[in-house]
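Shown next: final-v6.pdb, containing PDB, C-alpha atoms.
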```pdb
ATOM      1  CA  MET A  14      -6.253  37.440  -2.583
ATOM      2  CA  LEU A  15      -9.332  38.577  -0.616
ATOM      3  CA  LEU A  16      -7.422  41.380   1.145
ATOM      4  CA  GLU A  17      -5.965  42.520  -2.160
ATOM      5  CA  LYS A  18      -9.498  42.997  -3.459
ATOM      6  CA  PHE A  19     -10.254  45.142  -0.370
ATOM      7  CA  ILE A  20      -7.186  47.228  -1.144
ATOM      8  CA  LYS A  21      -8.287  47.939  -4.685
ATOM      9  CA  TYR A  22     -11.744  48.816  -3.426
ATOM     10  CA  ASP A  23     -10.665  51.162  -0.654
ATOM     11  CA  GLY A  24      -7.452  52.566  -2.094
ATOM     12  CA  LEU A  25      -5.454  52.043   1.117
ATOM     13  CA  GLY A  26      -2.971  49.450  -0.080
ATOM     14  CA  GLU A  27       0.203  50.647   1.639
ATOM     15  CA  ASP A  28      -0.802  49.456   5.108
ATOM     16  CA  LEU A  29      -1.477  45.853   4.032
ATOM     17  CA  THR A  30       2.164  44.787   3.774
ATOM     18  CA  THR A  31       3.000  46.104   7.253
ATOM     19  CA  LYS A  32      -0.180  45.895   9.328
ATOM     20  CA  PRO A  33      -2.715  43.657   7.531
ATOM     21  CA  PHE A  34      -4.834  42.948  10.612
ATOM     22  CA  ASN A  35      -5.017  46.633  11.547
ATOM     23  CA  TYR A  36      -6.046  47.440   7.999
ATOM     24  CA  LEU A  37      -8.712  44.750   8.023
ATOM     25  CA  THR A  38     -10.051  46.038  11.359
ATOM     26  CA  ALA A  39     -10.230  49.581  10.050
ATOM     27  CA  PHE A  40     -11.888  48.447   6.818
ATOM     28  CA  VAL A  41     -14.550  46.382   8.609
ATOM     29  CA  ARG A  42     -15.192  49.209  11.112
ATOM     30  CA  LYS A  43     -15.687  51.533   8.181
ATOM     31  CA  LEU A  44     -18.311  49.217   6.669
ATOM     32  CA  TYR A  45     -20.084  47.942   9.786
ATOM     33  CA  GLY A  46     -19.070  50.182  12.657
ATOM     34  CA  GLY A  47     -17.797  48.880  15.988
ATOM     35  CA  GLY A  48     -19.185  46.617  18.695
ATOM     36  CA  ASN A  49     -20.419  43.079  18.285
ATOM     37  CA  MET A  50     -20.805  43.326  14.520
ATOM     38  CA  LEU A  51     -17.120  44.213  14.208
ATOM     39  CA  ARG A  52     -16.074  41.244  16.317
ATOM     40  CA  LYS A  53     -18.310  38.844  14.397
ATOM     41  CA  VAL A  54     -17.039  39.933  11.012
ATOM     42  CA  LEU A  55     -13.416  39.786  12.134
ATOM     43  CA  LEU A  56     -13.995  36.301  13.577
ATOM     44  CA  PHE A  57     -15.512  35.208  10.271
ATOM     45  CA  PHE A  58     -12.445  36.382   8.340
ATOM     46  CA  VAL A  59     -10.082  34.700  10.803
ATOM     47  CA  LEU A  60     -11.943  31.393  10.407
ATOM     48  CA  VAL A  61     -11.834  31.638   6.619
ATOM     49  CA  VAL A  62      -8.101  32.329   6.587
ATOM     50  CA  CYS A  63      -7.327  29.599   9.131
ATOM     51  CA  SER A  64      -9.403  26.977   7.324
ATOM     52  CA  GLY A  65      -7.517  27.784   4.131
ATOM     53  CA  LEU A  66      -4.186  27.381   5.884
ATOM     54  CA  ILE A  67      -5.255  24.078   7.453
ATOM     55  CA  ALA A  68      -6.456  22.714   4.107
ATOM     56  CA  GLU A  69      -3.202  23.756   2.468
ATOM     57  CA  GLU A  70      -1.142  22.143   5.228
ATOM     58  CA  THR A  71      -3.156  18.903   5.002
ATOM     59  CA  GLU A  72      -2.693  18.811   1.232
ATOM     60  CA  GLU A  73       1.055  19.261   1.554
ATOM     61  CA  LYS A  74       1.405  16.390   3.999
ATOM     62  CA  ILE A  75       0.634  13.635   1.496
ATOM     63  CA  THR A  76       3.755  11.863   0.285
ATOM     64  CA  ALA A  77       4.683  10.190  -2.974
ATOM     65  CA  GLU A  78       4.852   6.845  -1.186
ATOM     66  CA  GLU A  79       1.299   7.244   0.145
ATOM     67  CA  ILE A  80      -0.022   8.127  -3.298
ATOM     68  CA  ILE A  81       1.677   5.148  -4.936
ATOM     69  CA  MET A  82       0.536   2.824  -2.162
ATOM     70  CA  THR A  83      -3.105   3.908  -2.530
ATOM     71  CA  MET A  84      -2.912   3.724  -6.324
ATOM     72  CA  THR A  85      -1.455   0.200  -6.174
ATOM     73  CA  GLU A  86      -4.169  -0.974  -3.782
ATOM     74  CA  THR A  87      -6.850   0.472  -6.075
ATOM     75  CA  LEU A  88      -5.417  -1.223  -9.159
ATOM     76  CA  ASN A  89      -4.983  -4.593  -7.444
ATOM     77  CA  PRO A  90      -8.094  -5.770  -5.610
ATOM     78  CA  GLU A  91      -7.979  -9.041  -3.717
ATOM     79  CA  GLN A  92      -9.412 -11.053  -6.643
ATOM     80  CA  SER A  93     -10.794 -10.452 -10.114
ATOM     81  CA  GLU A  94     -12.254 -12.265 -13.092
ATOM     82  CA  ALA A  95     -12.623 -10.656 -16.510
ATOM     83  CA  VAL A  96     -13.020 -11.111 -20.236
ATOM     84  CA  MET A  97     -10.685  -8.773 -22.087
ATOM     85  CA  GLU A  98     -10.128  -7.699 -25.657
ATOM     86  CA  MET A  99      -6.691  -6.684 -26.913
ATOM     87  CA  THR A 100      -6.226  -5.034 -30.304
ATOM     88  CA  MET A 101      -2.842  -4.317 -31.845
ATOM     89  CA  ILE A 102      -2.312  -1.787 -34.633
ATOM     90  CA  THR A 103       0.949  -2.074 -36.542
ATOM     91  CA  SER A 104       2.903   0.847 -37.996
ATOM     92  CA  GLY A 105       1.311  -0.055 -41.360
ATOM     93  CA  GLY A 106      -2.217   0.148 -39.962
ATOM     94  CA  GLN A 107      -2.937  -3.595 -39.791
ATOM     95  CA  GLU A 108      -5.029  -4.823 -36.861
ATOM     96  CA  ARG A 109      -4.939  -8.038 -34.829
ATOM     97  CA  THR A 110      -7.395  -8.776 -32.041
ATOM     98  CA  PHE A 111      -7.211 -11.265 -29.174
ATOM     99  CA  VAL A 112      -9.878 -12.117 -26.612
ATOM    100  CA  TYR A 113      -8.947 -13.828 -23.364
ATOM    101  CA  LYS A 114     -10.182 -14.587 -19.868
ATOM    102  CA  ALA A 115      -8.126 -13.072 -17.078
ATOM    103  CA  TYR A 116      -8.009 -14.146 -13.443
ATOM    104  CA  SER A 117      -6.034 -12.668 -10.561
ATOM    105  CA  LYS A 118      -5.664 -13.431  -6.859
ATOM    106  CA  ASN A 119      -3.752 -12.181  -3.832
ATOM    107  CA  LYS A 120      -3.898  -8.598  -5.124
ATOM    108  CA  GLY A 121      -2.320  -9.528  -8.435
ATOM    109  CA  GLU A 122       0.465 -11.710  -7.068
ATOM    110  CA  LYS A 123      -1.090 -14.590  -9.049
ATOM    111  CA  SER A 124      -2.604 -14.136 -12.494
ATOM    112  CA  LEU A 125      -3.736 -16.355 -15.333
ATOM    113  CA  MET A 126      -4.685 -15.573 -18.946
ATOM    114  CA  LYS A 127      -6.579 -18.071 -21.137
ATOM    115  CA  TYR A 128      -7.085 -17.128 -24.784
ATOM    116  CA  LEU A 129     -10.535 -17.507 -26.346
ATOM    117  CA  GLU A 130      -9.954 -15.920 -29.769
ATOM    118  CA  PRO A 131      -8.672 -16.239 -32.465
ATOM    119  CA  GLY A 132      -8.892 -19.965 -33.032
ATOM    120  CA  ARG A 133      -5.164 -20.478 -33.571
ATOM    121  CA  VAL A 134      -4.435 -19.540 -29.942
ATOM    122  CA  LYS A 135      -7.643 -20.778 -28.306
ATOM    123  CA  ASN A 136      -6.995 -22.293 -24.835
ATOM    124  CA  GLN A 137      -3.362 -21.205 -24.884
ATOM    125  CA  THR A 138      -2.706 -20.146 -21.294
ATOM    126  CA  VAL A 139      -0.211 -17.973 -19.457
ATOM    127  CA  LEU A 140       0.344 -18.329 -15.710
ATOM    128  CA  MET A 141       2.244 -15.640 -13.804
ATOM    129  CA  LEU A 142       3.211 -16.091 -10.155
ATOM    130  CA  ASN A 143       5.203 -13.959  -7.701
ATOM    131  CA  ASN A 144       4.235 -10.765  -9.505
ATOM    132  CA  ALA A 145       5.337 -12.138 -12.901
ATOM    133  CA  ASP A 146       8.765 -13.242 -11.694
ATOM    134  CA  ASP A 147       7.739 -16.795 -12.628
ATOM    135  CA  ILE A 148       5.921 -17.356 -15.935
ATOM    136  CA  TRP A 149       4.600 -20.546 -17.549
ATOM    137  CA  THR A 150       2.827 -21.031 -20.860
ATOM    138  CA  TYR A 151       0.576 -23.923 -21.885
ATOM    139  CA  PHE A 152       0.186 -24.910 -25.544
ATOM    140  CA  PRO A 153      -2.960 -27.043 -26.090
ATOM    141  CA  LYS A 154      -1.806 -28.472 -29.424
ATOM    142  CA  THR A 155       1.237 -30.111 -27.844
ATOM    143  CA  LYS A 156      -0.302 -30.312 -24.356
ATOM    144  CA  ARG A 157       2.972 -29.103 -22.924
ATOM    145  CA  VAL A 158       3.756 -26.526 -20.257
ATOM    146  CA  ARG A 159       6.915 -24.487 -20.625
ATOM    147  CA  LYS A 160       8.521 -22.268 -17.998
ATOM    148  CA  LEU A 161       9.931 -19.057 -19.395
ATOM    149  CA  ALA A 162      13.331 -17.670 -18.461
ATOM    150  CA  THR A 163      13.504 -14.914 -15.856
ATOM    151  CA  HIS A 164      14.150 -12.183 -18.427
ATOM    152  CA  ALA A 165      11.043 -13.265 -20.371
ATOM    153  CA  LYS A 166       8.842 -10.884 -18.390
ATOM    154  CA  ARG A 167      10.195  -8.119 -20.624
ATOM    155  CA  GLN A 168       8.943  -9.908 -23.733
ATOM    156  CA  LYS A 169       5.885  -8.718 -25.613
ATOM    157  CA  VAL A 170       2.605 -10.498 -24.959
ATOM    158  CA  GLN A 171       1.475 -11.971 -28.302
ATOM    159  CA  GLY A 172       3.577  -9.356 -30.081
ATOM    160  CA  SER A 173       1.672  -6.484 -28.466
ATOM    161  CA  ASP A 174       3.082  -3.327 -26.907
ATOM    162  CA  PHE A 175       2.452  -4.744 -23.415
ATOM    163  CA  SER A 176       5.143  -6.867 -21.814
ATOM    164  CA  TYR A 177       4.470  -9.568 -19.235
ATOM    165  CA  GLU A 178       6.035  -7.181 -16.744
ATOM    166  CA  ASP A 179       3.506  -4.472 -17.648
ATOM    167  CA  LEU A 180       0.581  -6.820 -17.060
ATOM    168  CA  GLY A 181       1.716  -9.013 -14.191
ATOM    169  CA  SER A 182       3.867  -7.038 -11.749
ATOM    170  CA  SER A 183       1.270  -5.817  -9.279
ATOM    171  CA  ASN A 184       3.710  -4.340  -6.743
ATOM    172  CA  GLU A 185       6.421  -3.053  -9.041
ATOM    173  CA  PHE A 186       5.571   0.606  -8.408
ATOM    174  CA  ILE A 187       6.361   0.029  -4.714
ATOM    175  CA  ASP A 188       9.082  -2.634  -4.800
ATOM    176  CA  ASP A 189      11.105  -1.602  -7.848
ATOM    177  CA  TYR A 190      10.982   2.191  -7.888
ATOM    178  CA  ASN A 191      11.735   5.162  -5.632
ATOM    179  CA  SER A 192       8.965   7.723  -5.999
ATOM    180  CA  VAL A 193       9.065  11.525  -5.860
ATOM    181  CA  LEU A 194       6.052  13.841  -5.946
ATOM    182  CA  LEU A 195       6.682  16.526  -8.588
ATOM    183  CA  GLY A 196       3.501  18.475  -7.885
ATOM    184  CA  GLU A 197       0.007  18.728  -9.294
ATOM    185  CA  GLU A 198      -0.949  19.037 -12.937
ATOM    186  CA  GLU A 199      -4.029  18.720 -15.103
ATOM    187  CA  LYS A 200      -3.951  15.719 -17.423
ATOM    188  CA  ASN A 201      -6.714  14.744 -19.820
ATOM    189  CA  GLY A 202      -9.077  17.170 -18.118
ATOM    190  CA  LYS A 203      -8.462  15.861 -14.570
ATOM    191  CA  LEU A 204      -6.394  17.281 -11.724
ATOM    192  CA  CYS A 205      -3.605  14.814 -10.971
ATOM    193  CA  TYR A 206      -0.621  14.182  -8.781
ATOM    194  CA  LYS A 207       2.468  14.065 -10.986
ATOM    195  CA  LEU A 208       5.139  11.644  -9.792
ATOM    196  CA  GLU A 209       8.480  10.376 -11.009
ATOM    197  CA  LEU A 210       9.435   6.790 -10.213
ATOM    198  CA  ALA A 211      13.169   6.026 -10.519
ATOM    199  CA  LYS A 212      14.380   2.446 -10.824
ATOM    200  CA  LYS A 213      16.039   1.107  -7.679
ATOM    201  CA  GLU A 214      19.634  -0.053  -7.992
ATOM    202  CA  ASP A 215      18.806  -3.669  -7.142
ATOM    203  CA  SER A 216      15.746  -3.832  -9.393
ATOM    204  CA  ASP A 217      15.574  -5.755 -12.677
ATOM    205  CA  VAL A 218      12.636  -3.863 -14.219
ATOM    206  CA  GLY A 219      12.962  -2.939 -17.870
ATOM    207  CA  TYR A 220      12.654   0.856 -17.545
ATOM    208  CA  SER A 221      14.980   3.514 -16.139
ATOM    209  CA  HIS A 222      12.143   5.575 -14.727
ATOM    210  CA  LEU A 223       8.440   6.338 -15.082
ATOM    211  CA  VAL A 224       6.419   9.532 -14.947
ATOM    212  CA  VAL A 225       2.907   8.919 -13.622
ATOM    213  CA  TRP A 226      -0.152  11.164 -13.452
ATOM    214  CA  VAL A 227      -2.509   9.906 -10.713
ATOM    215  CA  GLU A 228      -6.070  11.228 -10.634
ATOM    216  CA  LYS A 229      -6.528  12.939  -7.265
ATOM    217  CA  ASP A 230     -10.050  11.794  -6.442
ATOM    218  CA  ALA A 231      -9.968   8.133  -7.506
ATOM    219  CA  TYR A 232      -6.229   7.478  -7.095
ATOM    220  CA  VAL A 233      -5.956   5.729 -10.442
ATOM    221  CA  PRO A 234      -3.262   6.528 -13.019
ATOM    222  CA  LEU A 235      -4.409   8.376 -16.105
ATOM    223  CA  VAL A 236      -1.073   8.391 -17.942
ATOM    224  CA  ILE A 237       2.189   6.504 -17.411
ATOM    225  CA  ASP A 238       5.314   7.371 -19.405
ATOM    226  CA  TYR A 239       7.943   4.620 -19.620
ATOM    227  CA  TYR A 240      11.549   5.672 -20.268
ATOM    228  CA  HIS A 241      14.193   3.490 -21.900
ATOM    229  CA  GLU A 242      16.352   1.440 -19.564
ATOM    230  CA  LYS A 243      19.678   2.451 -21.149
ATOM    231  CA  ASP A 244      18.721   5.935 -22.317
ATOM    232  CA  PRO A 245      16.777   7.708 -19.530
ATOM    233  CA  GLU A 246      15.927  10.629 -21.819
ATOM    234  CA  LEU A 247      14.222   8.403 -24.389
ATOM    235  CA  LEU A 248      10.465   7.981 -24.016
ATOM    236  CA  GLU A 249       9.803   4.364 -24.949
ATOM    237  CA  LYS A 250       6.076   3.895 -24.293
ATOM    238  CA  GLU A 251       3.082   5.809 -23.019
ATOM    239  CA  LEU A 252       0.059   4.199 -21.386
ATOM    240  CA  VAL A 253      -3.226   6.134 -21.355
ATOM    241  CA  LEU A 254      -6.077   4.899 -19.140
ATOM    242  CA  SER A 255      -9.645   6.112 -19.556
ATOM    243  CA  ASP A 256     -13.380   5.362 -19.244
ATOM    244  CA  LEU A 257     -13.298   5.277 -15.448
ATOM    245  CA  LYS A 258     -16.175   3.293 -13.917
ATOM    246  CA  VAL A 259     -16.933   1.996 -10.434
ATOM    247  CA  ILE A 260     -17.090  -1.822 -10.457
ATOM    248  CA  ASP A 261     -18.021  -3.511  -7.167
ATOM    249  CA  ASN A 262     -17.172  -0.224  -5.368
ATOM    250  CA  ILE A 263     -13.721  -0.060  -6.969
ATOM    251  CA  PRO A 264     -12.836   2.729  -9.451
ATOM    252  CA  THR A 265     -11.559   1.022 -12.592
ATOM    253  CA  PRO A 266     -10.212   2.344 -15.917
ATOM    254  CA  MET A 267     -12.114   0.246 -18.456
ATOM    255  CA  LYS A 268      -9.821   1.088 -21.365
ATOM    256  CA  MET A 269      -6.019   1.144 -21.657
ATOM    257  CA  VAL A 270      -4.000   2.164 -24.704
ATOM    258  CA  MET A 271      -0.242   1.627 -24.924
ATOM    259  CA  TYR A 272       1.577   3.790 -27.466
ATOM    260  CA  ASN A 273       4.984   2.467 -28.493
ATOM    261  CA  LYS A 274       6.975   5.595 -29.327
ATOM    262  CA  LEU A 275       9.897   3.649 -30.819
ATOM    263  CA  ASP A 276       8.020   1.204 -33.067
ATOM    264  CA  ASN A 277       5.113   3.545 -33.866
ATOM    265  CA  THR A 278       2.604   0.855 -32.914
ATOM    266  CA  THR A 279      -0.415   0.860 -30.599
ATOM    267  CA  THR A 280      -2.148  -1.730 -28.441
ATOM    268  CA  SER A 281      -5.517  -1.135 -26.807
ATOM    269  CA  MET A 282      -7.078  -3.258 -24.085
ATOM    270  CA  GLY A 283     -10.597  -3.132 -22.727
ATOM    271  CA  PHE A 284     -12.922  -5.072 -20.458
ATOM    272  CA  ARG A 285     -15.859  -6.921 -21.968
ATOM    273  CA  GLU A 286     -16.781  -8.328 -18.568
ATOM    274  CA  LEU A 287     -15.356  -7.683 -15.104
ATOM    275  CA  THR A 288     -16.111  -8.574 -11.506
ATOM    276  CA  TYR A 289     -14.152  -8.369  -8.284
ATOM    277  CA  ASP A 290     -16.781 -10.274  -6.301
ATOM    278  CA  VAL A 291     -15.323 -13.753  -6.848
ATOM    279  CA  ASN A 292     -13.701 -16.527  -4.838
ATOM    280  CA  LEU A 293     -11.154 -18.177  -7.124
ATOM    281  CA  PRO A 294      -9.725 -21.570  -6.137
ATOM    282  CA  ASP A 295      -5.983 -21.784  -5.562
ATOM    283  CA  ASP A 296      -5.633 -24.750  -7.899
ATOM    284  CA  LEU A 297      -6.626 -22.515 -10.819
ATOM    285  CA  PHE A 298      -3.144 -20.999 -10.597
ATOM    286  CA  THR A 299      -1.292 -24.282 -11.115
ATOM    287  CA  GLU A 300      -0.121 -26.407 -14.017
ATOM    288  CA  MET A 301      -3.325 -28.452 -13.773
ATOM    289  CA  GLY A 302      -5.377 -25.274 -13.696
ATOM    290  CA  MET A 303      -3.720 -24.097 -16.906
ATOM    291  CA  LYS A 304      -4.897 -27.220 -18.723
ATOM    292  CA  LYS A 305      -8.567 -27.009 -17.704
TER
END
```
Before we go any further, please render this structure as structure tokens.
Amino acid sequence: MLLEKFIKYDGLGEDLTTKPFNYLTAFVRKLYGGGNMLRKVLLFFVLVVCSGLIAEETEEKITAEEIIMTMTETLNPEQSEAVMEMTMITSGGQERTFVYKAYSKNKGEKSLMKYLEPGRVKNQTVLMLNNADDIWTYFPKTKRVRKLATHAKRQKVQGSDFSYEDLGSSNEFIDDYNSVLLGEEEKNGKLCYKLELAKKEDSDVGYSHLVVWVEKDAYVPLVIDYYHEKDPELLEKELVLSDLKVIDNIPTPMKMVMYNKLDNTTTSMGFRELTYDVNLPDDLFTEMGMKK
């Protein structure tokens, strides 16, 4: 691009395609003369061109697997404790809001949700272990714990547009999908890596594939498109993450909105409180811990 500007300026464009360095030498000599000044200017241009090539080569070396690995590590710190608000909007415009405490440990491998509001579900608790492969629920009115079937992780959480799989599978992007880097693209005003994640043959996840836009600087997803398990062309849900803040040195999207394209419903989730600087006891993630 820089040499092309020289061509337009000097009107000597034919030599550039065959002898670009000779043309550059002649152009610089014309401006500055020979000797040391000529060598210094030529050296400057060589350094500029080489640094551009090195930067381009470095950029091209990053792989889809590396991007997904970094994104997963960012989204799943060692431990966390939060108070969250979840609001569902039905196709008719009605709203329902839940508030719950959320705990996670071992980079999301263990997680627990305890509802605070509304009163009808207060102290109801959900425990997810092994990245949501094992799910238990505790009902305070009956004081009983029930283990959900394996396929239950695809069920909606309190009728929302988030499934247990969406909330509890911390390593699913790595373990359950093969990733391909499609390129770079601007999304919601940010430059992102655009990736496609195709379901592995031995995986039991509920989607055929995902398309993910990962913000280049913070390595957090800004948008995730979920495609139907049986119809790969059908966009089932879209998750939009926003309000990025740094909490305990970890970049964190403070707001998440899931748009259900099939049911025309929406569920938003946001943090009221959040910290990663905690030391949660292991017995919190047990049947006894659910009842406390």
Between A:Phe152, A:Gly132, A:Glu108, A:Tyr289, which is the closest to Val259 of chain A once you count all atoms listed in the file?
A:Tyr289
Considering all atoms listed in the file, return as JSON, numbers by chain whatever protein or nucleic-acid residues lie within 6 Å of Glu251 of chain A, sequence-local ones (same chain, fewer than 2 positions apart) excluded.
{"A": [237, 238, 271, 272]}
Asp147 of chain A surroundings by only C-alpha atoms, 10 Å radius, close-in-sequence under 2 positions cut, as a VMD selection string
chain A and resid 123 140 to 145 149 160 to 166 181
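Taking atom CA of Pro266 of chain A and atom CA of Pro90 of chain A as endpoints, the distance between them is 13.3 Å.
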Could you list the residues chosen by the PyMOL selection byres ((chain A and resi 301-305) around 9) in this structure as a ChimeraX atom specification?
/A:125-127,136-140,150-153,156,158,295-300
Taken to one decimal, the atom CA of Ser183 of chain A-atom CA of Glu209 of chain A distance is 17.8 Å
Under the rule that all atoms listed in the file are counted, which of A:Lys118, A:Arg167, A:Lys258, A:Arg109 is the nearest residue to Thr280 of chain A?
A:Arg109
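Take atom CA of Asp290 of chain A and atom CA of Tyr113 of chain A: the distance between them is 19.1 Å.
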Pick from A:Tyr232, A:Tyr206, A:Phe111, A:Phe186, whichever lies nearest to Tyr220 of chain A using only C-alpha atoms:
A:Phe186
Can you list what the PyMOL selection byres ((chain A and resi 202) around 12) grabs from this structure, as a PyMOL selection string?
chain A and resi 198-201+203-205+226+228-229+235-236+255
Excluding Pro264 of chain A and residues on its chain fewer than 2 positions from it, collect all residues at most 10 Å away from it, counting only C-alpha atoms, and give them as an MDAnalysis selection string.
chainID A and resid 87:88 230:233 257:262 266:267
Let me know the residues the PyMOL selection byres ((chain A and resi 79) around 12) catches in the file above, as a PDB file with C-alpha atoms, keeping the file's coordinate frame.
```pdb
ATOM      1  CA  LYS A  74       1.405  16.390   3.999  1.00  0.00           C
ATOM      2  CA  ILE A  75       0.634  13.635   1.496  1.00  0.00           C
ATOM      3  CA  THR A  76       3.755  11.863   0.285  1.00  0.00           C
ATOM      4  CA  ALA A  77       4.683  10.190  -2.974  1.00  0.00           C
ATOM      5  CA  GLU A  78       4.852   6.845  -1.186  1.00  0.00           C
ATOM      6  CA  ILE A  80      -0.022   8.127  -3.298  1.00  0.00           C
ATOM      7  CA  ILE A  81       1.677   5.148  -4.936  1.00  0.00           C
ATOM      8  CA  MET A  82       0.536   2.824  -2.162  1.00  0.00           C
ATOM      9  CA  THR A  83      -3.105   3.908  -2.530  1.00  0.00           C
ATOM     10  CA  MET A  84      -2.912   3.724  -6.324  1.00  0.00           C
ATOM     11  CA  THR A  85      -1.455   0.200  -6.174  1.00  0.00           C
ATOM     12  CA  GLU A  86      -4.169  -0.974  -3.782  1.00  0.00           C
ATOM     13  CA  PHE A 186       5.571   0.606  -8.408  1.00  0.00           C
ATOM     14  CA  ILE A 187       6.361   0.029  -4.714  1.00  0.00           C
ATOM     15  CA  SER A 192       8.965   7.723  -5.999  1.00  0.00           C
ATOM     16  CA  VAL A 193       9.065  11.525  -5.860  1.00  0.00           C
ATOM     17  CA  LEU A 194       6.052  13.841  -5.946  1.00  0.00           C
ATOM     18  CA  TYR A 206      -0.621  14.182  -8.781  1.00  0.00           C
ATOM     19  CA  LEU A 208       5.139  11.644  -9.792  1.00  0.00           C
ATOM     20  CA  VAL A 227      -2.509   9.906 -10.713  1.00  0.00           C
ATOM     21  CA  TYR A 232      -6.229   7.478  -7.095  1.00  0.00           C
TER      22      TYR A 232
END
```
Residues within 9 Å of Ser281 of chain A, please, as a ChimeraX atom specification. Count all atoms listed in the file; anything in the same chain fewer than 6 positions from it doesn't count.
/A:98-102,174,268-272
Selection file, C-alpha atoms, as an mmCIF file, keeping the file's coordinate frame:
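Output (again.cif):
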```
data_model
loop_
_atom_site.group_PDB
_atom_site.id
_atom_site.type_symbol
_atom_site.label_atom_id
_atom_site.label_comp_id
_atom_site.auth_asym_id
_atom_site.auth_seq_id
_atom_site.Cartn_x
_atom_site.Cartn_y
_atom_site.Cartn_z
ATOM 1 C CA GLU A 98 -10.128 -7.699 -25.657
ATOM 2 C CA MET A 99 -6.691 -6.684 -26.913
ATOM 3 C CA THR A 100 -6.226 -5.034 -30.304
ATOM 4 C CA MET A 101 -2.842 -4.317 -31.845
ATOM 5 C CA ILE A 102 -2.312 -1.787 -34.633
ATOM 6 C CA ASP A 174 3.082 -3.327 -26.907
ATOM 7 C CA LYS A 268 -9.821 1.088 -21.365
ATOM 8 C CA MET A 269 -6.019 1.144 -21.657
ATOM 9 C CA VAL A 270 -4.000 2.164 -24.704
ATOM 10 C CA MET A 271 -0.242 1.627 -24.924
ATOM 11 C CA TYR A 272 1.577 3.790 -27.466
#
```
Polymer residues at most 10 Å from (5.4, -6.2, -28.0) by all atoms listed in the file, as a count of residues only:
17
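Remark: for His222 of chain A, the closest of the candidate residues A:Asn277, A:Asn191, A:Ser182, A:Thr288 is A:Asn191 (distances computed over all atoms listed in the file).
Distances from A:Val291, A:Val218, A:Leu223, A:Ile148 to Leu248 of chain A were compared using only C-alpha atoms, and the smallest one belongs to A:Leu223.
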